[in-house]
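**Q** Contents are CSV, C-alpha atoms; file name upload_20.csv:
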chain,number,residue,atom,x,y,z
A,1,MET,CA,73.8,143.8,164.3
A,2,SER,CA,74.7,141.3,161.7
A,3,MET,CA,77.2,142.1,158.9
A,4,ILE,CA,75.7,142.5,155.4
A,5,VAL,CA,77.3,140.2,152.8
A,6,GLU,CA,76.9,140.2,149.1
A,7,HIS,CA,73.7,138.6,148.0
A,8,THR,CA,72.5,137.7,144.5
A,9,VAL,CA,68.9,137.0,143.6
A,10,LEU,CA,67.9,135.5,140.3
A,11,PRO,CA,64.7,136.6,138.6
A,12,PRO,CA,61.6,134.5,139.2
A,13,ALA,CA,60.3,132.1,136.5
A,14,GLU,CA,57.9,133.1,133.8
A,15,GLY,CA,54.5,134.2,134.9
A,16,SER,CA,55.6,136.3,137.9
A,17,THR,CA,53.9,139.5,139.0
A,18,LEU,CA,57.1,141.5,138.9
A,19,PRO,CA,56.1,143.4,135.7
A,20,ASP,CA,53.0,144.6,137.4
A,21,LEU,CA,54.9,145.5,140.6
A,22,SER,CA,57.6,147.3,138.5
A,23,GLU,CA,54.9,149.4,136.8
A,24,ALA,CA,53.3,150.2,140.1
A,25,LEU,CA,56.6,151.3,141.6
A,26,GLU,CA,57.4,153.5,138.6
A,27,LYS,CA,54.1,155.4,139.2
A,28,ALA,CA,54.4,155.6,143.0
A,29,GLY,CA,55.7,158.8,144.4
A,30,SER,CA,56.6,157.2,147.7
A,31,SER,CA,55.9,154.0,149.5
A,32,ALA,CA,55.5,152.2,152.8
A,33,LEU,CA,55.8,148.8,154.2
A,34,VAL,CA,52.6,147.3,155.7
A,35,GLY,CA,53.0,144.8,158.5
A,36,PRO,CA,50.8,141.8,159.2
A,37,ASP,CA,48.9,143.9,161.8
A,38,GLY,CA,48.3,146.7,159.3
A,39,SER,CA,50.9,149.0,160.7
A,40,GLN,CA,52.8,151.1,158.1
A,41,ILE,CA,56.4,152.2,158.0
A,42,ALA,CA,57.3,154.8,155.4
A,43,LEU,CA,60.2,153.9,153.2
A,44,PRO,CA,63.0,156.5,152.9
A,45,ASP,CA,63.5,157.7,149.3
A,46,GLU,CA,66.9,155.9,149.1
A,47,VAL,CA,65.3,152.5,150.1
A,48,PHE,CA,62.4,153.1,147.7
A,49,VAL,CA,64.8,153.8,144.8
A,50,VAL,CA,66.8,150.6,145.5
A,51,LEU,CA,63.6,148.5,145.7
A,52,ARG,CA,62.2,150.1,142.4
A,53,ASP,CA,65.5,149.5,140.5
A,54,ALA,CA,65.8,145.9,141.8
A,55,VAL,CA,62.2,145.1,140.8
A,56,ARG,CA,62.7,146.7,137.4
A,57,ALA,CA,65.9,144.7,136.7
A,58,MET,CA,64.3,141.4,137.8
A,59,ALA,CA,61.1,142.1,135.8
A,60,HIS,CA,63.4,142.3,132.8
A,61,GLY,CA,65.0,138.9,133.6
A,62,GLN,CA,68.2,140.3,135.2
A,63,ALA,CA,69.7,138.9,138.4
A,64,ILE,CA,70.5,141.6,141.0
A,65,THR,CA,73.2,141.7,143.6
A,66,LEU,CA,73.2,143.7,146.8
A,67,ALA,CA,76.7,144.3,148.2
A,68,PRO,CA,78.1,146.8,150.7
A,69,HIS,CA,80.7,149.2,149.3
A,70,ASP,CA,83.4,147.8,151.4
A,71,THR,CA,83.1,144.4,149.6
A,72,VAL,CA,86.5,143.2,148.4
A,73,LEU,CA,86.6,141.6,144.9
A,74,THR,CA,89.2,139.5,143.1
A,75,THR,CA,90.5,140.9,139.8
A,76,GLN,CA,88.1,138.6,137.9
A,77,GLY,CA,85.2,139.8,140.0
A,78,ALA,CA,86.2,143.4,139.5
A,79,ALA,CA,86.6,142.9,135.7
A,80,ASP,CA,83.2,141.3,135.6
A,81,PHE,CA,81.7,144.2,137.5
A,82,LEU,CA,83.1,146.7,135.1
A,83,GLY,CA,82.3,144.5,132.0
A,84,ILE,CA,85.9,144.4,130.9
A,85,SER,CA,88.5,141.6,130.5
A,86,ARG,CA,90.7,140.7,133.4
A,87,PRO,CA,93.9,141.7,131.5
A,88,THR,CA,92.3,145.2,130.9
A,89,LEU,CA,91.5,145.5,134.6
A,90,VAL,CA,95.1,144.5,135.6
A,91,ARG,CA,96.4,147.2,133.2
A,92,LEU,CA,94.2,149.8,134.9
A,93,LEU,CA,95.5,148.6,138.3
A,94,THR,CA,99.1,148.8,137.3
A,95,GLU,CA,98.5,152.2,135.7
A,96,GLU,CA,97.1,153.2,139.1
A,97,LYS,CA,93.8,154.2,137.7
A,98,ILE,CA,92.0,152.0,140.2
A,99,PRO,CA,93.5,151.5,143.7
A,100,TYR,CA,94.1,147.9,144.9
A,101,THR,CA,95.7,145.9,147.7
A,102,ARG,CA,97.9,142.9,147.5
A,103,PRO,CA,97.5,141.0,150.8
A,104,GLY,CA,99.3,138.0,149.4
A,105,ARG,CA,100.0,136.9,145.8
A,106,HIS,CA,96.7,138.2,144.4
A,107,ARG,CA,95.4,141.7,143.9
A,108,ARG,CA,92.1,142.7,145.6
A,109,VAL,CA,89.9,145.6,144.7
A,110,LEU,CA,87.3,147.4,146.8
A,111,LEU,CA,83.8,147.7,145.2
A,112,SER,CA,83.7,151.4,146.3
A,113,ASP,CA,86.9,152.0,144.3
A,114,LEU,CA,85.3,150.4,141.2
A,115,VAL,CA,82.1,152.5,141.5
A,116,GLU,CA,84.3,155.6,141.9
A,117,TYR,CA,86.3,154.6,138.8
A,118,GLN,CA,83.0,154.0,136.8
A,119,GLN,CA,81.6,157.4,137.8
A,120,ARG,CA,84.9,159.2,136.9
A,121,SER,CA,85.1,157.4,133.6
A,122,ARG,CA,81.5,158.3,132.7
A,123,HIS,CA,82.2,162.0,133.6
A,124,GLU,CA,85.4,162.0,131.5
A,125,ARG,CA,83.5,160.5,128.5
A,126,ARG,CA,80.7,163.1,128.8
A,127,GLU,CA,83.3,165.9,128.9
A,128,ILE,CA,85.0,164.6,125.8
A,129,LEU,CA,81.7,164.2,123.9
A,130,ALA,CA,80.7,167.7,125.0
A,131,GLU,CA,84.0,169.1,123.8
A,132,LEU,CA,83.7,167.3,120.4
A,133,SER,CA,80.2,168.6,120.1
A,134,ARG,CA,81.4,172.2,120.8
A,135,GLU,CA,84.2,171.8,118.2
A,136,ALA,CA,81.8,170.4,115.6
A,137,THR,CA,79.4,173.3,116.2
A,138,ALA,CA,82.3,175.8,115.9
A,139,ASP,CA,83.4,174.2,112.7
A,140,GLY,CA,79.8,174.6,111.3
A,141,VAL,CA,79.0,170.8,111.3
A,142,SER,CA,75.4,170.2,112.0
A,143,GLY,CA,74.1,167.1,113.8
A,144,GLY,CA,71.4,166.7,111.1
A,145,GLY,CA,73.1,163.9,109.2
A,146,PHE,CA,74.7,163.6,105.8
A,147,GLU,CA,73.7,164.9,102.4
A,148,ALA,CA,73.4,162.3,99.6
A,149,THR,CA,75.6,163.0,96.6
A,150,ARG,CA,75.7,161.3,93.2
Could I get this file's structure written as structure tokens?

**A**
Amino acid sequence: MSMIVEHTVLPPAEGSTLPDLSEALEKAGSSALVGPDGSQIALPDEVFVVLRDAVRAMAHGQAITLAPHDTVLTTQGAADFLGISRPTLVRLLTEEKIPYTRPGRHRRVLLSDLVEYQQRSRHERREILAELSREATADGVSGGGFEATR
């Protein structure tokens, strides 16, 4: 069995059939691969979701990258993945918010640790927003907007 490595695919040029395929996948409940001899193999739900999401991204002009969770990234690659600056990532590493290794002079970060940090951060933000919403409701502030005054 060969090892899976990170693989990035750029979206095709204008005029591709990806928008049609994306729409068909959005409507499909499940899917199967059809071989040249007409034989069919059902796609597991997890594989179907990956295919659907990849096609959707490419149909919108985005490149996609498939990478195993044990992929090791440089600090710049990790920062790019999180959409933050490299100095901000380094601060998160030194504050021990994201685990890292230092096999030599440079820090390395596992993709799985970045995904876990992302999920944890999203959860924390949702909790903070929910708490702020509860406090606003308790204080009698409605979410309907502001009144105009003269």

**Q** Rounded to one decimal in Å, what is the spacing between atom CA of Pro19 of chain A and atom CA of Val55 of chain A?

**A** 8.1 Å

**Q** Would you please work out which residue, of A:Leu132, A:Ala67, A:Glu6, A:Ser31, is nearest to Glu46 of chain A when using all atoms listed in the file?

**A**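 Residue with the minimum atom-to-atom distance to Glu46 of chain A: A:Ser31.
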
**Q** Using only C-alpha atoms, can you tell me which of A:Thr71, A:Thr101, A:Ser133, A:Gln62 comes closest to Val115 of chain A?

**A**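 Closest candidate: A:Thr71.
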
**Q** Provide the atom CA of Lys27 of chain A to atom CA of Ile41 of chain A distance in Å, to one decimal place.

**A** 19.2 Å

**Q** Calculate how many Å separate atom CA of Leu114 of chain A from atom CA of Ile98 of chain A, rounding to one decimal.

**A**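 Atom CA of Leu114 of chain A sits 7.0 Å away from atom CA of Ile98 of chain A.
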
**Q** Could you check which of A:Met58, A:Ile128, A:Val90, A:Ala32 is closest to Thr17 of chain A, using only C-alpha atoms?

**A**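 Ranked by minimum distance to Thr17 of chain A, first place goes to A:Met58.
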
**Q** Contacts of segment 72-81 of chain A at 7 Å or less, counting all atoms listed in the file, minus same-chain residues fewer than 5 places along, as a list in words?

**A** Arg86, Leu89, Arg107, Arg108, Val109, Leu110 and Leu111 of chain A

**Q** Which one is closest to His7 of chain A: A:Arg56, A:Pro99, A:Glu135, A:Pro68? Count only C-alpha atoms.

**A**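 Among the listed residues, the smallest separation from His7 of chain A belongs to A:Pro68.
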
**Q** List as a PyMOL selection string the residues having at least one atom at most 12 Å from position (55.7, 148.0, 142.4) as given in the file, counting only C-alpha atoms.

**A** chain A and resi 17-33+48-56+58-59

**Q** Name the closest residue to Arg120 of chain A among the candidates A:Lys97, A:Ile64, A:Gly104, A:Gly140; distances are taken between atoms, counting only C-alpha atoms.

**A**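 Between A:Lys97, A:Ile64, A:Gly104, A:Gly140, the residue approaching Arg120 of chain A most closely is A:Lys97.
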
**Q** Could you pull out every residue with an atom within 12 Å of (71.0, 138.2, 132.8), file coordinates, counting all atoms listed in the file, and send them as a ChimeraX atom specification?

**A** /A:8-12,57-65

**Q** Could you write out that same residue set with C-alpha atoms as a short mmCIF file (atom, residue, chain, number, x, y, z; two decimals), in the coordinates of the input?

**A**
data_model
loop_
_atom_site.label_atom_id
_atom_site.label_comp_id
_atom_site.auth_asym_id
_atom_site.auth_seq_id
_atom_site.Cartn_x
_atom_site.Cartn_y
_atom_site.Cartn_z
CA THR A 8 72.50 137.70 144.50
CA VAL A 9 68.90 137.00 143.60
CA LEU A 10 67.90 135.50 140.30
CA PRO A 11 64.70 136.60 138.60
CA PRO A 12 61.60 134.50 139.20
CA ALA A 57 65.90 144.70 136.70
CA MET A 58 64.30 141.40 137.80
CA ALA A 59 61.10 142.10 135.80
CA HIS A 60 63.40 142.30 132.80
CA GLY A 61 65.00 138.90 133.60
CA GLN A 62 68.20 140.30 135.20
CA ALA A 63 69.70 138.90 138.40
CA ILE A 64 70.50 141.60 141.00
CA THR A 65 73.20 141.70 143.60
#

**Q** Which is closer to Gln118 of chain A than all the others in A:Glu95, A:Leu82, A:Ala136, A:Val34, using all atoms listed in the file?

**A**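 Among the listed residues, A:Leu82 lies closest to Gln118 of chain A.
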
**Q** Would you mind putting back all heavy atoms on segment 126-137 of chain A, then writing it out as a PDB file, keeping the file's coordinate frame?

**A**
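Result file follows (result_37.pdb):
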ATOM      1  N   ARG A 126      81.691 161.990 129.102  1.00  0.00           N
ATOM      2  CA  ARG A 126      80.700 163.100 128.800  1.00  0.00           C
ATOM      3  C   ARG A 126      81.442 164.363 128.481  1.00  0.00           C
ATOM      4  O   ARG A 126      81.023 165.087 127.583  1.00  0.00           O
ATOM      5  CB  ARG A 126      79.819 163.281 130.043  1.00  0.00           C
ATOM      6  CG  ARG A 126      78.719 162.268 130.147  1.00  0.00           C
ATOM      7  CD  ARG A 126      77.705 162.676 131.220  1.00  0.00           C
ATOM      8  NE  ARG A 126      77.057 161.486 131.719  1.00  0.00           N
ATOM      9  CZ  ARG A 126      77.234 160.959 132.923  1.00  0.00           C
ATOM     10  NH1 ARG A 126      78.011 161.560 133.801  1.00  0.00           N
ATOM     11  NH2 ARG A 126      76.619 159.865 133.276  1.00  0.00           N
ATOM     12  N   GLU A 127      82.526 164.665 129.198  1.00  0.00           N
ATOM     13  CA  GLU A 127      83.300 165.900 128.900  1.00  0.00           C
ATOM     14  C   GLU A 127      83.902 165.838 127.518  1.00  0.00           C
ATOM     15  O   GLU A 127      83.884 166.833 126.802  1.00  0.00           O
ATOM     16  CB  GLU A 127      84.393 166.081 129.967  1.00  0.00           C
ATOM     17  CG  GLU A 127      83.885 166.452 131.343  1.00  0.00           C
ATOM     18  CD  GLU A 127      83.202 167.812 131.361  1.00  0.00           C
ATOM     19  OE1 GLU A 127      83.746 168.767 130.780  1.00  0.00           O
ATOM     20  OE2 GLU A 127      82.099 167.904 131.942  1.00  0.00           O
ATOM     21  N   ILE A 128      84.437 164.699 127.134  1.00  0.00           N
ATOM     22  CA  ILE A 128      85.000 164.600 125.800  1.00  0.00           C
ATOM     23  C   ILE A 128      83.958 164.716 124.730  1.00  0.00           C
ATOM     24  O   ILE A 128      84.160 165.425 123.740  1.00  0.00           O
ATOM     25  CB  ILE A 128      85.754 163.184 125.671  1.00  0.00           C
ATOM     26  CG1 ILE A 128      87.009 163.184 126.553  1.00  0.00           C
ATOM     27  CG2 ILE A 128      86.094 162.878 124.218  1.00  0.00           C
ATOM     28  CD1 ILE A 128      87.638 161.817 126.727  1.00  0.00           C
ATOM     29  N   LEU A 129      82.800 164.085 124.927  1.00  0.00           N
ATOM     30  CA  LEU A 129      81.700 164.200 123.900  1.00  0.00           C
ATOM     31  C   LEU A 129      81.224 165.661 123.854  1.00  0.00           C
ATOM     32  O   LEU A 129      80.955 166.163 122.760  1.00  0.00           O
ATOM     33  CB  LEU A 129      80.555 163.292 124.305  1.00  0.00           C
ATOM     34  CG  LEU A 129      80.806 161.815 124.045  1.00  0.00           C
ATOM     35  CD1 LEU A 129      79.660 160.970 124.608  1.00  0.00           C
ATOM     36  CD2 LEU A 129      80.974 161.546 122.564  1.00  0.00           C
ATOM     37  N   ALA A 130      81.119 166.334 124.992  1.00  0.00           N
ATOM     38  CA  ALA A 130      80.700 167.700 125.000  1.00  0.00           C
ATOM     39  C   ALA A 130      81.692 168.599 124.235  1.00  0.00           C
ATOM     40  O   ALA A 130      81.309 169.474 123.457  1.00  0.00           O
ATOM     41  CB  ALA A 130      80.504 168.239 126.419  1.00  0.00           C
ATOM     42  N   GLU A 131      82.984 168.342 124.440  1.00  0.00           N
ATOM     43  CA  GLU A 131      84.000 169.100 123.800  1.00  0.00           C
ATOM     44  C   GLU A 131      83.981 168.844 122.248  1.00  0.00           C
ATOM     45  O   GLU A 131      84.072 169.767 121.445  1.00  0.00           O
ATOM     46  CB  GLU A 131      85.410 168.771 124.310  1.00  0.00           C
ATOM     47  CG  GLU A 131      86.554 169.491 123.633  1.00  0.00           C
ATOM     48  CD  GLU A 131      86.480 171.014 123.727  1.00  0.00           C
ATOM     49  OE1 GLU A 131      85.880 171.541 124.693  1.00  0.00           O
ATOM     50  OE2 GLU A 131      87.008 171.681 122.822  1.00  0.00           O
ATOM     51  N   LEU A 132      83.809 167.583 121.858  1.00  0.00           N
ATOM     52  CA  LEU A 132      83.700 167.300 120.400  1.00  0.00           C
ATOM     53  C   LEU A 132      82.491 167.933 119.811  1.00  0.00           C
ATOM     54  O   LEU A 132      82.550 168.437 118.686  1.00  0.00           O
ATOM     55  CB  LEU A 132      83.636 165.745 120.238  1.00  0.00           C
ATOM     56  CG  LEU A 132      84.919 164.964 120.509  1.00  0.00           C
ATOM     57  CD1 LEU A 132      84.657 163.467 120.456  1.00  0.00           C
ATOM     58  CD2 LEU A 132      86.005 165.361 119.523  1.00  0.00           C
ATOM     59  N   SER A 133      81.399 167.966 120.542  1.00  0.00           N
ATOM     60  CA  SER A 133      80.200 168.600 120.100  1.00  0.00           C
ATOM     61  C   SER A 133      80.408 170.122 119.891  1.00  0.00           C
ATOM     62  O   SER A 133      79.989 170.712 118.890  1.00  0.00           O
ATOM     63  CB  SER A 133      79.037 168.354 121.038  1.00  0.00           C
ATOM     64  OG  SER A 133      77.875 169.009 120.614  1.00  0.00           O
ATOM     65  N   ARG A 134      81.081 170.751 120.873  1.00  0.00           N
ATOM     66  CA  ARG A 134      81.400 172.200 120.800  1.00  0.00           C
ATOM     67  C   ARG A 134      82.280 172.464 119.572  1.00  0.00           C
ATOM     68  O   ARG A 134      82.061 173.417 118.831  1.00  0.00           O
ATOM     69  CB  ARG A 134      82.047 172.679 122.063  1.00  0.00           C
ATOM     70  CG  ARG A 134      81.083 172.854 123.234  1.00  0.00           C
ATOM     71  CD  ARG A 134      81.748 173.576 124.400  1.00  0.00           C
ATOM     72  NE  ARG A 134      82.825 172.812 125.025  1.00  0.00           N
ATOM     73  CZ  ARG A 134      82.657 171.906 125.988  1.00  0.00           C
ATOM     74  NH1 ARG A 134      81.451 171.647 126.455  1.00  0.00           N
ATOM     75  NH2 ARG A 134      83.694 171.272 126.499  1.00  0.00           N
ATOM     76  N   GLU A 135      83.284 171.613 119.366  1.00  0.00           N
ATOM     77  CA  GLU A 135      84.200 171.800 118.200  1.00  0.00           C
ATOM     78  C   GLU A 135      83.449 171.624 116.902  1.00  0.00           C
ATOM     79  O   GLU A 135      83.670 172.380 115.958  1.00  0.00           O
ATOM     80  CB  GLU A 135      85.345 170.798 118.304  1.00  0.00           C
ATOM     81  CG  GLU A 135      86.336 171.112 119.400  1.00  0.00           C
ATOM     82  CD  GLU A 135      87.413 170.040 119.549  1.00  0.00           C
ATOM     83  OE1 GLU A 135      87.483 169.117 118.695  1.00  0.00           O
ATOM     84  OE2 GLU A 135      88.191 170.127 120.514  1.00  0.00           O
ATOM     85  N   ALA A 136      82.557 170.631 116.836  1.00  0.00           N
ATOM     86  CA  ALA A 136      81.800 170.400 115.600  1.00  0.00           C
ATOM     87  C   ALA A 136      80.876 171.598 115.329  1.00  0.00           C
ATOM     88  O   ALA A 136      80.756 172.043 114.179  1.00  0.00           O
ATOM     89  CB  ALA A 136      80.973 169.130 115.719  1.00  0.00           C
ATOM     90  N   THR A 137      80.267 172.137 116.360  1.00  0.00           N
ATOM     91  CA  THR A 137      79.400 173.300 116.200  1.00  0.00           C
ATOM     92  C   THR A 137      80.212 174.509 115.746  1.00  0.00           C
ATOM     93  O   THR A 137      79.805 175.248 114.848  1.00  0.00           O
ATOM     94  CB  THR A 137      78.671 173.622 117.520  1.00  0.00           C
ATOM     95  OG1 THR A 137      77.897 172.483 117.898  1.00  0.00           O
ATOM     96  CG2 THR A 137      77.751 174.813 117.371  1.00  0.00           C
TER      97      THR A 137
END
